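work03.cif follows (mmCIF, C-alpha atoms):
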```cif
data_input
loop_
_atom_site.label_atom_id
_atom_site.label_comp_id
_atom_site.auth_asym_id
_atom_site.auth_seq_id
_atom_site.Cartn_x
_atom_site.Cartn_y
_atom_site.Cartn_z
CA MET E 171 35.68 55.74 -3.03
CA LYS E 172 33.42 54.65 -5.90
CA ILE E 173 36.25 52.62 -7.36
CA LEU E 174 36.73 50.89 -4.01
CA ASN E 175 33.03 50.09 -3.69
CA ILE E 176 32.88 48.67 -7.20
CA ALA E 177 35.95 46.59 -6.49
CA MET E 178 34.39 45.25 -3.30
CA LEU E 179 31.17 44.45 -5.15
CA MET E 180 32.99 42.59 -7.87
CA SER E 181 34.95 40.68 -5.26
CA THR E 182 31.69 39.65 -3.56
CA LEU E 183 30.09 38.55 -6.81
CA LEU E 184 33.09 36.44 -7.70
CA THR E 185 32.73 34.49 -4.44
CA ILE E 186 29.21 33.31 -5.42
CA PRO E 187 29.45 29.92 -7.20
CA ALA E 188 28.25 29.98 -10.79
CA PHE E 189 26.46 26.71 -10.12
CA ALA E 190 24.52 27.94 -7.06
CA ALA E 191 21.41 25.76 -6.71
CA GLN E 192 18.17 27.26 -7.91
CA VAL E 193 15.44 27.57 -5.27
CA VAL E 194 12.53 25.74 -6.86
CA ALA E 195 10.09 26.13 -3.98
CA THR E 196 9.68 27.05 -0.33
CA VAL E 197 7.53 25.41 2.32
CA ASN E 198 6.83 27.52 5.39
CA GLY E 199 9.87 29.59 4.44
CA THR E 200 12.23 26.62 4.07
CA PRO E 201 13.88 26.62 0.61
CA ILE E 202 13.90 23.55 -1.62
CA THR E 203 16.47 23.60 -4.38
CA ASP E 204 16.76 21.86 -7.70
CA THR E 205 19.72 19.98 -6.20
CA ASP E 206 17.52 18.76 -3.33
CA ILE E 207 15.10 17.32 -5.87
CA THR E 208 17.91 15.62 -7.78
CA VAL E 209 19.18 14.01 -4.58
CA ARG E 210 15.68 12.82 -3.70
CA THR E 211 15.18 11.26 -7.15
CA GLN E 212 18.51 9.45 -6.75
CA LEU E 213 17.29 7.98 -3.47
CA MET E 214 13.98 7.00 -5.07
CA ALA E 215 15.86 5.23 -7.86
CA LYS E 216 17.88 3.25 -5.29
CA GLN E 217 14.55 2.10 -3.84
CA GLY E 218 13.32 1.03 -7.28
CA LYS E 219 10.94 3.98 -7.66
CA THR E 220 11.32 5.37 -11.16
CA SER E 221 8.84 7.19 -13.37
CA THR E 222 8.71 10.05 -15.83
CA ASP E 223 7.17 12.20 -13.08
CA ASN E 224 9.85 11.47 -10.48
CA ARG E 225 11.06 15.04 -10.00
CA ARG E 226 7.59 16.35 -9.25
CA VAL E 227 6.95 13.41 -6.91
CA ALA E 228 10.29 14.10 -5.23
CA LEU E 229 9.33 17.74 -4.60
CA GLN E 230 5.99 16.71 -3.11
CA ASN E 231 7.77 14.20 -0.85
CA ILE E 232 10.22 16.85 0.37
CA ILE E 233 7.33 19.23 1.08
CA ASP E 234 5.46 16.52 2.96
CA ASP E 235 8.57 15.71 5.02
CA ASP E 236 8.78 19.30 6.20
CA ILE E 237 5.06 19.42 7.02
CA LYS E 238 5.14 16.12 8.93
CA ILE E 239 8.20 17.00 10.99
CA LYS E 240 6.88 20.45 11.94
CA TYR E 241 3.49 18.99 12.90
CA ALA E 242 5.08 16.14 14.89
CA GLY E 243 7.09 18.72 16.81
CA ASN E 244 3.85 19.84 18.45
CA PHE E 245 3.56 16.38 20.00
CA ASN E 246 7.24 15.81 20.82
CA ALA E 247 7.07 12.99 18.29
CA VAL E 248 10.19 13.74 16.22
CA PRO E 249 12.61 10.79 16.56
CA GLU E 250 16.23 11.20 17.64
CA ASP E 251 19.19 10.51 15.34
CA ASP E 252 19.96 7.09 16.82
CA ILE E 253 16.49 5.82 15.93
CA VAL E 254 16.69 7.27 12.41
CA ASP E 255 20.20 5.84 11.86
CA LYS E 256 19.01 2.40 12.95
CA GLU E 257 16.13 2.45 10.47
CA LEU E 258 18.38 3.79 7.71
CA LYS E 259 20.65 0.75 8.04
CA LYS E 260 17.65 -1.55 7.55
CA LEU E 261 16.95 0.00 4.13
CA ASN E 262 20.24 -1.30 2.69
CA LEU E 263 20.55 1.59 0.25
CA GLY E 264 24.26 0.94 -0.26
CA GLU E 265 26.89 3.67 -0.33
CA LEU E 266 25.32 7.12 0.03
CA SER E 267 26.86 10.51 -0.59
CA ALA E 268 26.66 13.06 2.23
CA SER E 269 23.72 14.82 0.57
CA GLU E 270 21.90 11.54 -0.09
CA LYS E 271 22.39 10.41 3.50
CA ALA E 272 21.09 13.73 4.86
CA MET E 273 18.07 13.55 2.58
CA ALA E 274 17.40 9.90 3.49
CA LYS E 275 17.60 10.67 7.21
CA ASN E 276 15.20 13.59 6.87
CA ALA E 277 12.73 11.46 4.92
CA LEU E 278 12.95 8.66 7.50
CA ARG E 279 12.62 11.12 10.38
CA ALA E 280 9.44 12.49 8.81
CA GLU E 281 7.99 9.01 8.16
CA ILE E 282 8.72 7.73 11.68
CA ALA E 283 7.31 10.93 13.18
CA TRP E 284 4.15 10.57 11.09
CA GLN E 285 3.70 6.94 12.18
CA ILE E 286 3.95 8.07 15.81
CA ILE E 287 1.33 10.76 15.17
CA VAL E 288 -0.99 8.23 13.52
CA ALA E 289 -0.56 5.80 16.42
CA ARG E 290 -1.24 8.48 19.02
CA THR E 291 -3.99 10.54 17.43
CA VAL E 292 -5.66 8.49 14.70
CA MET E 293 -5.60 4.82 15.75
CA PRO E 294 -7.45 5.45 19.07
CA THR E 295 -10.39 6.81 17.06
CA ILE E 296 -10.69 3.73 14.83
CA SER E 297 -13.14 0.93 15.53
CA THR E 298 -14.24 -2.07 13.48
CA SER E 299 -17.53 -3.93 13.49
CA LYS E 300 -18.20 -7.61 12.86
CA GLU E 301 -19.61 -6.54 9.50
CA ASP E 302 -16.33 -4.78 8.62
CA ILE E 303 -14.35 -7.92 9.43
CA ALA E 304 -16.77 -10.14 7.50
CA ASN E 305 -16.55 -7.91 4.43
CA GLU E 306 -12.77 -7.80 4.60
CA LYS E 307 -12.63 -11.58 4.99
CA ALA E 308 -14.86 -12.01 1.92
CA ASN E 309 -12.60 -9.69 -0.10
CA LEU E 310 -9.54 -11.57 1.09
CA ALA E 311 -11.12 -14.89 0.14
CA ARG E 312 -11.84 -13.71 -3.40
CA GLU E 313 -8.56 -11.90 -4.02
CA HIS E 314 -5.99 -14.07 -2.24
CA GLY E 315 -7.76 -16.97 -0.58
CA LEU E 316 -8.00 -18.00 3.08
CA PRO E 317 -6.14 -20.73 5.01
CA ILE E 318 -9.13 -23.05 4.58
CA GLU E 319 -8.93 -26.55 3.14
CA MET E 320 -11.69 -27.09 0.58
CA THR E 321 -12.96 -30.29 -0.98
CA ILE E 322 -14.40 -29.43 -4.39
CA ILE E 323 -16.20 -31.22 -7.21
CA ARG E 324 -15.67 -29.86 -10.70
CA LEU E 325 -17.62 -30.75 -13.82
CA THR E 326 -16.01 -29.67 -17.09
CA ASP E 327 -17.34 -29.58 -20.66
CA ILE E 328 -20.89 -29.56 -19.35
CA PRO E 329 -23.63 -28.35 -21.73
CA ALA E 330 -25.91 -25.55 -20.55
CA ASP E 331 -29.06 -27.75 -20.61
CA ILE E 332 -27.36 -30.38 -18.43
CA ALA E 333 -26.11 -27.77 -15.98
CA GLU E 334 -29.68 -26.56 -15.51
CA LYS E 335 -30.71 -30.05 -14.33
CA LEU E 336 -28.26 -30.06 -11.43
CA THR E 337 -30.03 -29.69 -8.09
CA LYS E 338 -28.77 -29.28 -4.54
CA PRO E 339 -27.43 -32.64 -3.32
CA LYS E 340 -27.61 -33.89 0.26
CA SER E 341 -23.96 -34.91 0.34
CA CYS E 342 -20.74 -34.91 -1.63
CA ASP E 343 -21.34 -38.50 -2.70
CA GLY E 344 -24.82 -37.49 -3.80
CA ALA E 345 -23.36 -34.71 -5.94
CA ILE E 346 -21.01 -37.17 -7.63
CA LYS E 347 -23.81 -39.66 -8.36
CA MET E 348 -26.01 -36.85 -9.71
CA ALA E 349 -23.29 -35.69 -12.06
CA GLU E 350 -22.57 -39.23 -13.26
CA ALA E 351 -26.26 -39.88 -13.83
CA LEU E 352 -26.38 -36.88 -16.15
CA GLY E 353 -23.42 -38.20 -18.12
CA GLY E 354 -20.76 -36.09 -16.48
CA ILE E 355 -17.32 -37.07 -15.26
CA PRO E 356 -16.92 -35.33 -11.88
CA GLN E 357 -13.46 -34.47 -10.63
CA LYS E 358 -13.00 -34.34 -6.86
CA PHE E 359 -9.98 -32.62 -5.30
CA THR E 360 -8.88 -31.04 -2.03
CA ALA E 361 -6.76 -27.90 -1.73
CA LYS E 362 -6.26 -24.86 0.45
CA GLN E 363 -8.27 -21.92 -0.80
CA TYR E 364 -5.21 -19.73 -1.36
CA GLU E 365 -3.65 -22.49 -3.50
CA LEU E 366 -6.54 -22.44 -5.99
CA SER E 367 -6.22 -20.61 -9.29
CA ALA E 368 -7.71 -17.12 -9.27
CA ASP E 369 -10.72 -18.01 -11.43
CA ILE E 370 -11.71 -21.05 -9.32
CA ARG E 371 -11.05 -19.23 -6.04
CA GLU E 372 -13.31 -16.35 -7.01
CA ARG E 373 -16.14 -18.73 -7.93
CA VAL E 374 -16.02 -20.80 -4.73
CA ALA E 375 -14.99 -18.12 -2.18
CA THR E 376 -18.55 -17.28 -1.16
CA LEU E 377 -20.31 -20.33 -2.59
CA PRO E 378 -22.55 -22.05 0.00
CA LEU E 379 -21.74 -25.67 0.77
CA LEU E 380 -23.30 -28.33 -1.47
CA THR E 381 -24.46 -25.73 -3.98
CA TRP E 382 -23.56 -25.86 -7.65
CA SER E 383 -21.96 -22.72 -8.99
CA LYS E 384 -23.22 -20.95 -12.08
CA ARG E 385 -21.87 -22.38 -15.32
CA ALA E 386 -18.78 -20.56 -16.55
CA ASP E 387 -16.21 -21.68 -19.11
CA ASN E 388 -18.39 -24.76 -19.69
CA SER E 389 -17.86 -25.90 -16.12
CA VAL E 390 -19.61 -25.92 -12.75
CA LEU E 391 -18.18 -26.26 -9.25
CA LEU E 392 -19.48 -27.48 -5.92
CA VAL E 393 -17.85 -27.21 -2.49
CA CYS E 394 -18.36 -30.42 -0.55
CA SER E 395 -16.76 -29.34 2.70
CA THR E 396 -14.34 -26.88 4.27
CA LYS E 397 -11.85 -27.26 7.07
CA LYS E 398 -10.02 -24.48 8.91
CA THR E 399 -6.28 -25.07 9.05
CA ASP E 400 -3.99 -24.15 11.95
CA GLU E 401 -3.10 -20.96 10.07
CA TYR E 402 -6.71 -19.84 10.44
CA LYS E 403 -6.58 -19.46 14.24
CA ASN E 404 -5.44 -15.83 14.36
CA LEU E 405 -7.08 -14.75 11.11
CA ASP E 406 -9.83 -12.61 12.65
CA ASP E 407 -7.31 -10.67 14.74
CA MET E 408 -5.08 -10.15 11.72
CA ILE E 409 -8.01 -8.98 9.59
CA LYS E 410 -9.16 -6.64 12.37
CA GLN E 411 -5.71 -5.09 12.67
CA ASN E 412 -5.41 -4.77 8.89
CA THR E 413 -8.86 -3.17 8.61
CA MET E 414 -8.06 -0.70 11.37
CA TYR E 415 -4.74 0.10 9.71
CA LYS E 416 -6.41 0.83 6.35
CA GLN E 417 -8.96 3.11 8.00
CA ALA E 418 -6.22 4.87 9.98
CA MET E 419 -4.11 5.42 6.85
CA PHE E 420 -7.12 6.89 5.04
CA GLN E 421 -7.80 9.31 7.89
CA ALA E 422 -4.10 10.16 8.16
CA ASP E 423 -4.00 10.94 4.45
CA GLN E 424 -6.97 13.28 4.86
CA GLN E 425 -5.23 14.95 7.78
CA LEU E 426 -2.05 15.43 5.73
CA LYS E 427 -4.07 17.06 2.96
CA GLN E 428 -5.47 19.54 5.50
CA LEU E 429 -1.95 20.30 6.76
CA ARG E 430 -0.80 20.90 3.18
CA ARG E 431 -3.60 23.42 2.67
CA LYS E 432 -2.57 25.27 5.82
CA ALA E 433 1.14 25.28 4.92
CA VAL E 434 2.66 28.22 3.03
CA ILE E 435 3.93 26.54 -0.12
CA VAL E 436 5.42 28.65 -2.91
CA ILE E 437 6.45 27.02 -6.20
CA ASN E 438 8.89 29.22 -8.13
CA ASP E 439 9.38 26.96 -11.14
CA ASP E 440 6.45 26.26 -13.48
CA ARG E 441 7.84 22.78 -14.20
CA TYR E 442 7.00 21.80 -10.63
CA LYS E 443 3.54 23.29 -10.29
CA LEU E 444 1.55 20.81 -8.21
#
```
Is it possible to give me this structure as structure tokens?
Amino acid sequence: MKILNIAMLMSTLLTIPAFAAQVVATVNGTPITDTDITVRTQLMAKQGKTSTDNRRVALQNIIDDDIKIKYAGNFNAVPEDDIVDKELKKLNLGELSASEKAMAKNALRAEIAWQIIVARTVMPTISTSKEDIANEKANLAREHGLPIEMTIIRLTDIPADIAEKLTKPKSCDGAIKMAEALGGIPQKFTAKQYELSADIRERVATLPLLTWSKRADNSVLLVCSTKKTDEYKNLDDMIKQNTMYKQAMFQADQQLKQLRRKAVIVINDDRYKL
């Protein structure tokens, strides 16, 4: 009988693949293998996401997917396969192996579910004030520029003592005459704010009309006039939506951190300690 049992045991052991995937971690009891992480890094590479820390990032993403999907299940917010398949096609990831496709679908399912959760539970709590919109518009003006046409006077190679003699003119023509009287050669040009170079845009973005800027790089600037273009019409609404989205994403990130703390996450491999 002992010989039979040993033979059966050996037979069982021989059926276990020598390359069986190592379980690196578990999240709420669900195993995550080293192979899972490899597949996720392959997907990340196809999306242009490569770094020396990719395997650890991949593990965190897989953990987050599980957390998001389980949480979304409480709200009946987990999307069906047809929706996930439709979004997967839009990614244009090329030919995927069966394991890559399964991983991609799970990641997409989690992301879509999380967006639904944010839309249902977070966005309704977000509000923006006129001050929020004004601040965001000022940041946008400095960093990228607004769809505003600006007529600007620029004085280059101006000595510091001459720059100090410039006073607030009553008009654009007055600014030009003032500059010429002091020996300057004013340059007048018109451009959309977002077309200006970064250094000029930053200096004129919040500069009051008909006010000389501080001297920088041996030059001073003055904005004669501004004109809102047709592109400007829906700007406030766009900024409001963008501001609300940023606030919602911040709150959603905080919520995800809380869900991570509540989840039972076990890391079995020291290389992946988070």
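The two atoms in question, atom CA of E:Met273 and atom CA of E:Leu213, are spaced 8.3 Å apart.
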May I ask for the distance between atom CA of E:Glu257 and atom CA of E:Ile239, given in Å to one decimal place?
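Between atom CA of E:Glu257 and atom CA of E:Ile239 the gap is 16.6 Å.
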Taking the file as shown, find all residues satisfying the PyMOL selection byres ((chain E and resi 247) around 10) and write them as number ranges by chain.
E: 239-246, 248-250, 279-280, 282-287, 290
Please write as a PyMOL selection string the full residue list that the PyMOL selection byres ((chain E and resi 347-354) around 9) yields on this file.
chain E and resi 325-328+332+335-337+339+342-346+355-356
Restricting the calculation to all atoms listed in the file, which member of E:Ile323, E:Met414, E:Ala195, E:Leu405 is positioned closest to E:Ile370?
E:Ile323
N, CA and C atoms for stretch 271-284 of chain E, written as a PDB file, keeping the file's coordinate frame, could you do that?
```pdb
ATOM      1  N   LYS E 271      22.611  10.896   2.140  1.00  0.00           N
ATOM      2  CA  LYS E 271      22.390  10.410   3.500  1.00  0.00           C
ATOM      3  C   LYS E 271      21.556  11.416   4.304  1.00  0.00           C
ATOM      4  N   ALA E 272      21.862  12.705   4.147  1.00  0.00           N
ATOM      5  CA  ALA E 272      21.090  13.730   4.860  1.00  0.00           C
ATOM      6  C   ALA E 272      19.641  13.722   4.416  1.00  0.00           C
ATOM      7  N   MET E 273      19.439  13.583   3.104  1.00  0.00           N
ATOM      8  CA  MET E 273      18.070  13.550   2.580  1.00  0.00           C
ATOM      9  C   MET E 273      17.338  12.305   3.062  1.00  0.00           C
ATOM     10  N   ALA E 274      18.017  11.153   3.048  1.00  0.00           N
ATOM     11  CA  ALA E 274      17.400   9.900   3.490  1.00  0.00           C
ATOM     12  C   ALA E 274      17.017   9.981   4.971  1.00  0.00           C
ATOM     13  N   LYS E 275      17.889  10.544   5.783  1.00  0.00           N
ATOM     14  CA  LYS E 275      17.600  10.670   7.210  1.00  0.00           C
ATOM     15  C   LYS E 275      16.407  11.587   7.454  1.00  0.00           C
ATOM     16  N   ASN E 276      16.326  12.663   6.700  1.00  0.00           N
ATOM     17  CA  ASN E 276      15.200  13.590   6.870  1.00  0.00           C
ATOM     18  C   ASN E 276      13.890  12.919   6.478  1.00  0.00           C
ATOM     19  N   ALA E 277      13.936  12.165   5.376  1.00  0.00           N
ATOM     20  CA  ALA E 277      12.730  11.460   4.920  1.00  0.00           C
ATOM     21  C   ALA E 277      12.299  10.416   5.947  1.00  0.00           C
ATOM     22  N   LEU E 278      13.260   9.675   6.488  1.00  0.00           N
ATOM     23  CA  LEU E 278      12.950   8.660   7.500  1.00  0.00           C
ATOM     24  C   LEU E 278      12.428   9.304   8.779  1.00  0.00           C
ATOM     25  N   ARG E 279      13.050  10.419   9.171  1.00  0.00           N
ATOM     26  CA  ARG E 279      12.620  11.120  10.380  1.00  0.00           C
ATOM     27  C   ARG E 279      11.146  11.539  10.246  1.00  0.00           C
ATOM     28  N   ALA E 280      10.817  12.046   9.058  1.00  0.00           N
ATOM     29  CA  ALA E 280       9.440  12.490   8.810  1.00  0.00           C
ATOM     30  C   ALA E 280       8.470  11.301   8.841  1.00  0.00           C
ATOM     31  N   GLU E 281       8.879  10.173   8.231  1.00  0.00           N
ATOM     32  CA  GLU E 281       7.990   9.010   8.160  1.00  0.00           C
ATOM     33  C   GLU E 281       7.770   8.400   9.548  1.00  0.00           C
ATOM     34  N   ILE E 282       8.854   8.285  10.327  1.00  0.00           N
ATOM     35  CA  ILE E 282       8.720   7.730  11.680  1.00  0.00           C
ATOM     36  C   ILE E 282       7.858   8.648  12.540  1.00  0.00           C
ATOM     37  N   ALA E 283       8.091   9.953  12.419  1.00  0.00           N
ATOM     38  CA  ALA E 283       7.310  10.930  13.180  1.00  0.00           C
ATOM     39  C   ALA E 283       5.829  10.819  12.825  1.00  0.00           C
ATOM     40  N   TRP E 284       5.554  10.659  11.537  1.00  0.00           N
ATOM     41  CA  TRP E 284       4.150  10.570  11.090  1.00  0.00           C
ATOM     42  C   TRP E 284       3.507   9.288  11.613  1.00  0.00           C
TER      43      TRP E 284
END
```
